[in-house]
>>> print(open('start-v8.txt').read())   # compact mmCIF, C-alpha atoms (C1' of nucleotides)
# COMPACT_ATOMS: atom_id res chain seq x y z
CA MET D 1 133.06 143.85 110.16
CA PRO D 2 130.61 140.98 110.71
CA GLY D 3 131.07 140.06 114.41
CA LEU D 4 131.64 136.58 115.83
CA ARG D 5 128.05 135.41 115.74
CA GLU D 6 127.58 136.18 112.06
CA ARG D 7 130.94 134.66 111.15
CA LYS D 8 130.10 131.43 112.94
CA LYS D 9 126.78 131.20 111.15
CA GLN D 10 128.27 131.68 107.73
CA GLU D 11 131.00 129.19 108.47
CA LEU D 12 128.56 126.56 109.72
CA ARG D 13 126.36 127.01 106.67
CA HIS D 14 129.38 126.61 104.46
CA GLU D 15 130.61 123.55 106.32
CA LEU D 16 127.20 121.89 106.23
CA SER D 17 127.11 122.36 102.49
CA ARG D 18 130.64 121.09 102.00
CA VAL D 19 130.20 117.98 104.14
CA GLY D 20 126.80 117.32 102.58
CA ILE D 21 127.98 117.52 98.99
CA ASP D 22 131.03 115.39 99.76
CA GLN D 23 128.87 112.66 101.26
CA PHE D 24 126.33 112.83 98.45
CA ILE D 25 129.07 112.37 95.88
CA ALA D 26 130.74 109.60 97.86
CA ARG D 27 127.69 107.61 99.01
CA GLY D 28 124.71 108.88 97.05
CA PHE D 29 122.02 111.39 97.91
CA ALA D 30 119.26 109.07 99.10
CA THR D 31 121.51 106.93 101.29
CA THR D 32 122.99 109.94 103.10
CA THR D 33 120.80 111.12 105.99
CA VAL D 34 120.74 114.55 107.52
CA ASP D 35 122.19 113.00 110.67
CA ASP D 36 125.15 111.81 108.62
CA ILE D 37 125.80 115.37 107.48
CA VAL D 38 125.42 116.88 110.90
CA ALA D 39 127.37 114.37 112.96
CA PRO D 40 130.94 115.25 111.79
CA LEU D 41 130.25 118.89 112.68
CA GLY D 42 128.71 118.16 116.08
CA ALA D 43 125.53 119.98 115.12
CA SER D 44 121.95 118.81 115.52
CA LYS D 45 119.33 117.88 112.94
CA ARG D 46 117.16 120.71 114.23
CA THR D 47 119.90 123.22 113.54
CA PHE D 48 120.42 121.83 110.05
CA PHE D 49 116.86 122.69 109.14
CA ARG D 50 117.35 126.23 110.37
CA TYR D 51 120.03 126.64 107.70
CA PHE D 52 118.42 124.71 104.85
CA GLU D 53 114.77 124.25 104.04
CA THR D 54 115.34 120.82 102.54
CA LYS D 55 118.12 118.27 102.29
CA GLU D 56 118.36 119.07 98.58
CA ASP D 57 119.21 122.71 99.27
CA VAL D 58 122.70 121.96 100.62
CA VAL D 59 123.74 121.19 97.06
CA PHE D 60 122.68 124.65 95.90
CA ALA D 61 123.87 126.70 98.86
CA TRP D 62 125.97 128.87 96.55
CA TYR D 63 123.08 129.72 94.22
CA ASP D 64 121.78 132.70 96.15
CA GLU D 65 125.10 134.49 96.12
CA LEU D 66 125.54 133.62 92.47
CA THR D 67 122.14 135.00 91.61
CA ARG D 68 123.07 138.41 92.97
CA GLU D 69 126.34 138.28 91.08
CA LEU D 70 124.64 137.43 87.79
CA VAL D 71 122.15 140.22 88.20
CA ASP D 72 124.97 142.69 88.83
CA THR D 73 126.91 141.42 85.84
CA LEU D 74 123.95 141.80 83.52
CA ARG D 75 123.28 145.29 84.86
CA ALA D 76 126.88 146.24 84.16
CA ARG D 77 126.81 145.21 80.50
CA PRO D 78 127.13 148.14 78.05
CA LYS D 79 123.81 149.84 77.47
CA HIS D 80 123.91 149.56 73.69
CA GLU D 81 124.66 145.81 73.65
CA PRO D 82 121.83 143.74 72.12
CA PRO D 83 119.82 141.93 74.83
CA TYR D 84 120.58 138.33 73.86
CA GLU D 85 124.29 139.04 73.62
CA ALA D 86 124.23 140.71 77.03
CA VAL D 87 122.68 137.65 78.62
CA CYS D 88 125.11 135.31 76.88
CA ALA D 89 128.07 137.34 78.07
CA THR D 90 126.65 137.30 81.58
CA LEU D 91 126.33 133.53 81.60
CA MET D 92 129.82 133.14 80.15
CA SER D 93 131.12 134.66 83.36
CA LEU D 94 129.91 131.53 85.15
CA LEU D 95 132.39 129.35 83.33
CA ARG D 96 135.22 130.31 85.69
CA LEU D 97 133.46 128.17 88.32
CA TYR D 98 133.78 125.12 86.11
CA ASP D 99 137.33 126.01 85.13
CA ALA D 100 138.35 126.26 88.78
CA ASP D 101 137.78 122.58 89.52
CA HIS D 102 136.81 120.37 86.57
CA THR D 103 136.64 117.17 88.53
CA ARG D 104 134.35 118.43 91.25
CA ALA D 105 132.19 120.30 88.75
CA ILE D 106 131.68 117.16 86.70
CA ALA D 107 130.96 115.11 89.81
CA LEU D 108 128.40 117.67 90.94
CA LEU D 109 126.73 117.75 87.55
CA ARG D 110 126.55 113.98 87.49
CA LEU D 111 125.07 113.97 90.97
CA THR D 112 122.32 116.42 90.08
CA ARG D 113 121.66 114.68 86.77
CA GLU D 114 121.28 111.22 88.31
CA THR D 115 119.29 112.13 91.41
CA PRO D 116 115.64 112.87 90.53
CA ALA D 117 115.08 115.05 93.57
CA LEU D 118 118.10 117.16 92.66
CA VAL D 119 117.08 117.43 89.03
CA GLY D 120 113.86 119.07 90.17
CA LYS D 121 115.64 121.38 92.59
CA SER D 122 118.18 122.51 90.04
CA PHE D 123 115.41 123.44 87.63
CA GLU D 124 113.68 125.27 90.45
CA LYS D 125 116.84 127.30 90.96
CA ARG D 126 117.19 127.92 87.26
CA ALA D 127 113.67 129.30 87.28
CA ILE D 128 114.78 131.83 89.88
CA TRP D 129 117.63 132.92 87.64
CA GLU D 130 115.21 133.26 84.77
CA ARG D 131 112.95 135.47 86.83
CA GLU D 132 115.72 137.68 88.20
CA LEU D 133 117.57 138.08 84.93
CA SER D 134 114.49 138.77 82.85
CA ALA D 135 113.47 141.41 85.38
CA VAL D 136 116.77 143.15 84.69
CA LEU D 137 116.65 142.60 80.95
CA VAL D 138 113.18 144.01 80.51
CA SER D 139 114.45 147.54 81.09
CA ARG D 140 116.66 147.20 78.01
CA LEU D 141 113.76 146.44 75.71
CA ALA D 142 111.52 148.85 73.88
CA LYS D 143 108.21 149.34 75.66
CA SER D 144 105.44 147.09 74.35
CA ALA D 145 102.60 145.00 75.67
CA THR D 146 104.71 141.87 75.33
CA ARG D 147 108.17 143.05 76.33
CA GLN D 148 107.98 141.10 79.59
CA LEU D 149 107.35 137.93 77.61
CA ARG D 150 110.10 138.83 75.17
CA ALA D 151 112.58 139.28 78.03
CA GLU D 152 111.61 135.95 79.51
CA VAL D 153 112.03 134.17 76.19
CA ILE D 154 115.45 135.68 75.60
CA VAL D 155 116.73 134.76 79.04
CA ALA D 156 115.19 131.29 79.01
CA THR D 157 116.69 130.57 75.62
CA ALA D 158 120.19 131.63 76.61
CA LEU D 159 119.94 129.68 79.83
CA ALA D 160 118.69 126.57 78.07
CA ALA D 161 121.53 126.71 75.57
CA PHE D 162 124.01 127.22 78.39
CA THR D 163 122.84 124.30 80.51
CA HIS D 164 122.62 121.91 77.60
CA ALA D 165 126.16 122.78 76.61
CA VAL D 166 127.42 122.29 80.16
CA ASP D 167 125.51 119.04 80.58
CA GLY D 168 126.85 117.72 77.30
CA TRP D 169 130.34 118.66 78.39
CA ALA D 170 129.92 116.89 81.73
CA VAL D 171 128.43 113.77 80.14
CA ASP D 172 131.61 113.07 78.24
CA GLU D 173 133.73 113.90 81.24
CA GLY D 174 135.05 117.25 80.10
CA ALA D 175 136.68 115.83 76.98
CA THR D 176 135.76 118.83 74.82
CA ASP D 177 136.42 122.54 75.32
CA LEU D 178 133.64 123.96 77.47
CA HIS D 179 133.92 127.60 76.33
CA LEU D 180 133.77 126.54 72.71
CA LEU D 181 130.78 124.31 73.33
CA VAL D 182 128.83 127.01 75.14
CA GLY D 183 129.62 129.44 72.35
CA LYS D 184 128.27 126.97 69.80
CA ALA D 185 125.11 126.42 71.82
CA PHE D 186 124.51 130.18 71.97
CA ALA D 187 125.00 130.35 68.20
CA PHE D 188 122.58 127.49 67.58
CA ALA D 189 119.86 129.32 69.46
CA LYS D 190 120.60 132.51 67.57
CA ALA D 191 120.27 130.78 64.20
CA LEU D 192 117.19 128.68 64.78
CA MET I 193 90.68 94.49 74.45
CA PRO I 194 92.24 95.28 77.82
CA GLY I 195 90.53 92.88 80.28
CA LEU I 196 88.91 93.77 83.59
CA ARG I 197 92.09 93.92 85.63
CA GLU I 198 93.78 96.40 83.34
CA ARG I 199 90.65 98.54 83.07
CA LYS I 200 90.30 98.76 86.85
CA LYS I 201 93.92 99.78 87.19
CA GLN I 202 93.66 102.56 84.65
CA GLU I 203 90.45 103.79 86.20
CA LEU I 204 91.90 103.85 89.70
CA ARG I 205 94.98 105.70 88.50
CA HIS I 206 92.77 108.22 86.77
CA GLU I 207 90.54 108.65 89.82
CA LEU I 208 93.47 109.08 92.17
CA SER I 209 94.81 111.82 89.94
CA ARG I 210 91.44 113.53 89.65
CA VAL I 211 90.70 113.49 93.38
CA GLY I 212 94.25 114.54 94.17
CA ILE I 213 94.29 117.53 91.84
CA ASP I 214 90.85 118.63 93.01
CA GLN I 215 91.97 118.60 96.62
CA PHE I 216 95.26 120.33 95.86
CA ILE I 217 93.40 123.12 94.10
CA ALA I 218 90.79 123.39 96.81
CA ARG I 219 92.97 123.09 99.93
CA GLY I 220 96.56 123.45 98.83
CA PHE I 221 99.24 120.88 98.06
CA ALA I 222 101.05 120.74 101.40
CA THR I 223 97.91 120.57 103.53
CA THR I 224 96.46 117.67 101.55
CA THR I 225 97.79 114.32 102.74
CA VAL I 226 97.93 111.11 100.76
CA ASP I 227 95.34 109.69 103.15
CA ASP I 228 93.01 112.53 102.16
CA ILE I 229 93.33 111.53 98.52
CA VAL I 230 92.88 107.85 99.14
CA ALA I 231 90.00 107.96 101.59
CA PRO I 232 87.15 108.99 99.18
CA LEU I 233 88.11 106.10 96.89
CA GLY I 234 88.38 103.51 99.65
CA ALA I 235 91.93 102.71 98.68
CA SER I 236 94.97 102.42 100.92
CA LYS I 237 98.08 104.57 101.19
CA ARG I 238 100.15 101.56 100.21
CA THR I 239 98.22 101.19 96.98
CA PHE I 240 98.61 104.88 96.22
CA PHE I 241 102.37 104.52 96.19
CA ARG I 242 102.09 101.61 93.77
CA TYR I 243 100.51 103.99 91.27
CA PHE I 244 102.61 107.09 91.92
CA GLU I 245 106.19 107.39 93.02
CA THR I 246 105.58 110.65 94.86
CA LYS I 247 102.62 112.77 95.92
CA GLU I 248 103.68 115.33 93.32
CA ASP I 249 103.26 112.87 90.47
CA VAL I 250 99.47 112.78 90.68
CA VAL I 251 99.45 116.27 89.18
CA PHE I 252 101.33 115.05 86.12
CA ALA I 253 99.65 111.70 85.59
CA TRP I 254 98.71 112.64 82.03
CA TYR I 255 102.27 113.58 81.00
CA ASP I 256 103.38 110.11 79.95
CA GLU I 257 100.56 109.69 77.48
CA LEU I 258 101.14 113.20 76.19
CA THR I 259 104.82 112.50 75.67
CA ARG I 260 104.07 109.65 73.29
CA GLU I 261 101.59 111.84 71.46
CA LEU I 262 104.08 114.67 71.04
CA VAL I 263 106.73 112.33 69.74
CA ASP I 264 104.31 110.93 67.17
CA THR I 265 103.22 114.41 66.11
CA LEU I 266 106.78 115.56 65.58
CA ARG I 267 107.57 112.40 63.59
CA ALA I 268 104.58 113.08 61.37
CA ARG I 269 105.65 116.61 60.43
CA PRO I 270 106.63 117.01 56.74
CA LYS I 271 110.21 115.96 56.08
CA HIS I 272 111.24 119.21 54.42
CA GLU I 273 109.93 121.46 57.23
CA PRO I 274 112.71 123.36 59.04
CA PRO I 275 113.43 121.85 62.48
CA TYR I 276 112.41 124.77 64.69
CA GLU I 277 109.14 125.20 62.83
CA ALA I 278 108.41 121.49 63.15
CA VAL I 279 108.83 121.64 66.93
CA CYS I 280 106.71 124.79 67.20
CA ALA I 281 103.92 123.19 65.21
CA THR I 282 104.13 120.12 67.41
CA LEU I 283 103.78 122.16 70.58
CA MET I 284 100.91 124.15 69.11
CA SER I 285 98.93 120.92 69.06
CA LEU I 286 98.98 121.02 72.87
CA LEU I 287 96.87 124.13 72.97
CA ARG I 288 93.66 122.17 72.51
CA LEU I 289 94.14 120.95 76.09
CA TYR I 290 94.02 124.51 77.38
CA ASP I 291 91.13 125.41 75.09
CA ALA I 292 89.11 122.49 76.41
CA ASP I 293 88.80 123.87 79.94
CA HIS I 294 90.25 127.34 80.53
CA THR I 295 89.29 127.54 84.18
CA ARG I 296 90.83 124.25 85.23
CA ALA I 297 93.92 124.86 83.11
CA ILE I 298 94.50 128.20 84.80
CA ALA I 299 93.92 126.73 88.24
CA LEU I 300 96.38 123.95 87.51
CA LEU I 301 98.99 126.36 86.24
CA ARG I 302 98.59 128.52 89.31
CA LEU I 303 98.91 125.49 91.53
CA THR I 304 102.15 124.37 89.93
CA ARG I 305 103.50 127.91 89.86
CA GLU I 306 102.85 128.56 93.54
CA THR I 307 103.96 125.21 94.96
CA PRO I 308 107.76 124.93 94.94
CA ALA I 309 107.74 121.15 94.91
CA LEU I 310 105.46 121.17 91.88
CA VAL I 311 107.57 123.77 90.09
CA GLY I 312 110.50 121.39 90.29
CA LYS I 313 108.44 118.41 89.17
CA SER I 314 107.00 120.23 86.19
CA PHE I 315 110.47 121.17 85.01
CA GLU I 316 111.52 117.58 85.51
CA LYS I 317 108.69 116.50 83.23
CA ARG I 318 109.59 119.19 80.74
CA ALA I 319 113.11 117.80 80.70
CA ILE I 320 111.69 114.44 79.66
CA TRP I 321 109.89 116.11 76.76
CA GLU I 322 113.13 117.82 75.82
CA ARG I 323 114.96 114.52 75.75
CA GLU I 324 112.32 112.65 73.78
CA LEU I 325 111.68 115.38 71.26
CA SER I 326 115.33 116.16 70.64
CA ALA I 327 115.93 112.44 70.06
CA VAL I 328 113.36 112.63 67.27
CA LEU I 329 114.57 115.94 65.94
CA VAL I 330 118.19 114.91 65.67
CA SER I 331 117.40 112.71 62.68
CA ARG I 332 116.26 115.79 60.74
CA LEU I 333 119.58 117.57 61.17
CA ALA I 334 122.68 117.34 59.04
CA LYS I 335 125.28 115.04 60.56
CA SER I 336 127.90 116.87 62.63
CA ALA I 337 129.78 116.47 65.88
CA THR I 338 127.37 118.86 67.61
CA ARG I 339 124.04 117.99 66.02
CA GLN I 340 122.85 116.39 69.25
CA LEU I 341 123.52 119.66 71.08
CA ARG I 342 121.88 121.60 68.27
CA ALA I 343 118.74 119.47 68.48
CA GLU I 344 118.60 119.96 72.25
CA VAL I 345 118.94 123.72 71.94
CA ILE I 346 116.21 123.96 69.32
CA VAL I 347 113.77 121.89 71.34
CA ALA I 348 114.60 123.58 74.64
CA THR I 349 114.16 127.01 73.09
CA ALA I 350 110.77 126.22 71.60
CA LEU I 351 109.65 124.64 74.84
CA ALA I 352 110.84 127.59 76.91
CA ALA I 353 109.01 130.04 74.66
CA PHE I 354 105.89 127.89 74.84
CA THR I 355 105.79 127.60 78.62
CA HIS I 356 106.53 131.26 79.22
CA ALA I 357 103.68 132.21 76.91
CA VAL I 358 101.31 129.82 78.66
CA ASP I 359 102.42 130.98 82.09
CA GLY I 360 101.98 134.61 81.13
CA TRP I 361 98.53 133.81 79.81
CA ALA I 362 97.59 132.05 83.05
CA VAL I 363 98.96 134.84 85.23
CA ASP I 364 96.46 137.31 83.86
CA GLU I 365 93.68 134.77 84.05
CA GLY I 366 93.36 134.03 80.36
CA ALA I 367 92.58 137.61 79.43
CA THR I 368 94.62 137.52 76.21
CA ASP I 369 94.48 135.14 73.25
CA LEU I 370 96.63 132.14 74.03
CA HIS I 371 97.33 131.05 70.43
CA LEU I 372 98.43 134.56 69.55
CA LEU I 373 100.66 134.80 72.60
CA VAL I 374 102.37 131.48 71.92
CA GLY I 375 102.94 132.54 68.32
CA LYS I 376 104.58 135.73 69.51
CA ALA I 377 106.80 133.85 71.95
CA PHE I 378 107.95 131.53 69.15
CA ALA I 379 108.71 134.58 67.03
CA PHE I 380 110.67 136.25 69.82
CA ALA I 381 112.94 133.23 70.11
CA LYS I 382 113.39 133.11 66.35
CA ALA I 383 114.47 136.75 66.23
CA LEU I 384 116.80 136.90 69.20
C1' DC V 385 82.31 75.61 86.16
C1' DA V 386 86.07 74.59 89.16
C1' DT V 387 90.75 75.29 90.55
C1' DG V 388 95.28 76.82 90.78
C1' DA V 389 98.58 80.31 89.25
C1' DA V 390 99.33 85.48 88.71
C1' DT V 391 98.65 89.63 90.21
C1' DA V 392 96.69 93.47 92.93
C1' DT V 393 95.54 95.01 97.48
C1' DG V 394 95.70 96.09 102.56
C1' DG V 395 97.77 96.30 106.92
C1' DC V 396 101.65 96.79 109.66
C1' DA V 397 106.07 98.03 111.13
C1' DC V 398 109.57 100.99 110.09
C1' DC V 399 112.81 104.83 108.38
C1' DA V 400 113.81 109.51 107.33
C1' DA V 401 112.38 114.39 106.27
C1' DG V 402 110.67 118.24 108.32
C1' DT V 403 108.21 121.25 112.20
C1' DG V 404 106.54 123.30 116.73
C1' DC V 405 107.78 124.06 121.30
C1' DC V 406 110.61 125.20 125.04
C1' DA V 407 114.65 125.00 127.95
C1' DT V 408 119.51 126.05 127.60
C1' DT V 409 123.59 128.06 125.80
C1' DT V 410 126.24 131.66 123.55
C1' DG V 411 127.31 136.18 121.66
C1' DT V 412 126.40 141.32 122.23
C1' DC V 413 126.39 145.60 124.28
C1' DA V 414 125.67 148.93 127.85
C1' DT X 415 129.57 142.00 134.87
C1' DG X 416 124.87 141.50 134.00
C1' DA X 417 120.85 141.67 131.13
C1' DC X 418 119.01 141.06 126.63
C1' DA X 419 118.80 138.88 122.00
C1' DA X 420 119.73 135.26 119.24
C1' DA X 421 121.33 130.53 118.19
C1' DT X 422 121.15 125.81 119.60
C1' DG X 423 119.58 121.17 121.13
C1' DG X 424 116.32 117.87 122.50
C1' DC X 425 111.89 115.91 122.11
C1' DA X 426 107.60 114.69 120.47
C1' DC X 427 104.91 114.52 116.43
C1' DT X 428 103.22 114.43 111.50
C1' DT X 429 103.76 112.75 106.98
C1' DG X 430 105.99 110.86 102.77
C1' DG X 431 107.64 106.64 101.34
C1' DT X 432 109.17 101.37 101.53
C1' DG X 433 109.62 96.27 102.69
C1' DC X 434 107.14 92.35 103.91
C1' DC X 435 103.59 89.12 104.02
C1' DA X 436 98.84 87.58 104.28
C1' DT X 437 94.58 88.07 101.75
C1' DA X 438 91.57 88.95 97.90
C1' DT X 439 90.72 89.34 92.98
C1' DT X 440 91.35 88.22 88.20
C1' DC X 441 92.73 85.07 84.60
C1' DA X 442 93.61 80.90 82.15
C1' DT X 443 93.07 76.18 81.64
C1' DG X 444 90.88 71.58 82.41
>>> encode(input="start-v8.txt", output="structure tokens")
Amino acid sequence: MPGLRERKKQELRHELSRVGIDQFIARGFATTTVDDIVAPLGASKRTFFRYFETKEDVVFAWYDELTRELVDTLRARPKHEPPYEAVCATLMSLLRLYDADHTRAIALLRLTRETPALVGKSFEKRAIWERELSAVLVSRLAKSATRQLRAEVIVATALAAFTHAVDGWAVDEGATDLHLLVGKAFAFAKAL
Amino acid sequence: MPGLRERKKQELRHELSRVGIDQFIARGFATTTVDDIVAPLGASKRTFFRYFETKEDVVFAWYDELTRELVDTLRARPKHEPPYEAVCATLMSLLRLYDADHTRAIALLRLTRETPALVGKSFEKRAIWERELSAVLVSRLAKSATRQLRAEVIVATALAAFTHAVDGWAVDEGATDLHLLVGKAFAFAKAL
DNA sequence: CATGAATATGGCACCAAGTGCCATTTGTCA
DNA sequence: TGACAAATGGCACTTGGTGCCATATTCATG
């Protein structure tokens, strides 16, 4: 059991992220100041920066947790499964997040797409996924001087296909079927 | 002929980038201020921000020119060449930049790898390449509802393979053969 | 070559992100 | 309850980045 102090911290972090994202979506990223985020919660700017390194990070507060989850999912894939397929299946598990709340997901994707600072940050986060996942994947590959590189290429490819599918889906406001689109993107990469 | 005004502008932009990168490599990105970059050239901070939107951008001053070049190269590839191969060949043409000055190339890659803000920016720039190149590539593909997505996936995959090869090469200080490594990375993506 | 219109620059004031420092508050545990 | 650890808030400060306007430089035209 986590104790009061820890619970309060987690809750504040969560609230800061929620309020921040809401304001960014409603009024834009640049025009929302840290003070604007902090005020409704009665916290101080100084405290904000103890929870998040940058203003951008509030948008990606959930990434760390998700990273661990992805790593676990990939680890749990059947040992005999081909590497690319294992990564694809792992990423597919992310789709439930988009299914849960289409509207907010699309709004968030638009926000990160249209705010240069957030575009950079999201790529930064994706790079972390690439590193973590390829570190797991490498153990599935036959030993060779270039298996590290091979793992990185496999993961990066799957991730690129995934994000392009999701972005395309968000651009036309979720009109198409996301699962289908992601599946197609994975297939396109497989059949270069 | 460009006229004195235009020449001065281009030269100043080039000098700002050169001085900036030199200082970043020598003393680190965060610890170098814009004033530090501007002082040796007798320019003002205000002028700096008329040439570059952010401090990060000085590192990627050459990207715009390179983007045009890449687009032209891809356009010039033989019409019958398969799409993935056309993109790979296009990216291969970039390697001359690394060949020209190994030491500086490696230093630059290390700088961007180890500075979070620059990691984000470099991905942002890569995204621009992805957009431009896939816009060219799409005309080579058979018409279909998803050919835009297919073009994006092809380009993103080639680009991911390319950068991971280059990064791997830079990490062990250029010990291996870069052309060979990039070729292998392209092959890995092809044979997922 | 002169002169006036365009354009680039510099300086200044200003805002917001982010940090170091320290006093104060709040949770923890004996 | 009281002492210790940890979280917070306030404040001053640095730096990235922008708006504004006066000045300097280039360009085009007579």
>>> interface_residues(input="start-v8.txt", of="chain I", to="chain X", cutoff="9 Å", atoms="only C-alpha atoms (C1' of nucleotides)", output="number ranges by chain")
I: 196-197, 225-226, 241, 245-247
>>> atom_distance(input="start-v8.txt", atom1="CA of Thr157 in chain D", atom2="CA of Ala352 in chain I")
6.7 Å
>>> closest_residue(input="start-v8.txt", among="V:DG388, V:DG394, V:DG411, V:DG404", to="chain I", atoms="all atoms listed in the file")
V:DG394
>>> interface_residues(input="start-v8.txt", of="chain D", to="chain I", cutoff="10 Å", atoms="all atoms listed in the file", output="ChimeraX atom specification")
/D:82-85,116-127,146-165,167-168,181-182,184-192
>>> interface_residues(input="start-v8.txt", of="chain I", to="chain V", cutoff="9 Å", atoms="all atoms listed in the file", output="number ranges by chain")
I: 197, 201, 235-239
>>> residues_around(input="start-v8.txt", residues="Lys271 in chain I", least_positions_apart="6", cutoff="12 Å", atoms="all atoms listed in the file", output="list in words")
Glu277, Ala278, Leu329, Ser331, Arg332 and Leu333 of chain I
>>> atom_distance(input="start-v8.txt", atom1="CA of Glu324 in chain I", atom2="CA of Val263 in chain I")
6.9 Å
>>> atom_distance(input="start-v8.txt", atom1="CA of Val136 in chain D", atom2="CA of Leu95 in chain D")
20.9 Å
>>> closest_residue(input="start-v8.txt", among="D:Arg131, D:His80, D:Arg110, D:Arg18", to="Phe60 in chain D", atoms="all atoms listed in the file")
D:Arg18
>>> axis_aligned_box(input="start-v8.txt", around="range 426-444 of chain X", padding_each_side="5 Å", output="JSON")
{"center_x": 100.2, "center_y": 93.1, "center_z": 101.1, "size_x": 28.9, "size_y": 53.1, "size_z": 48.8}
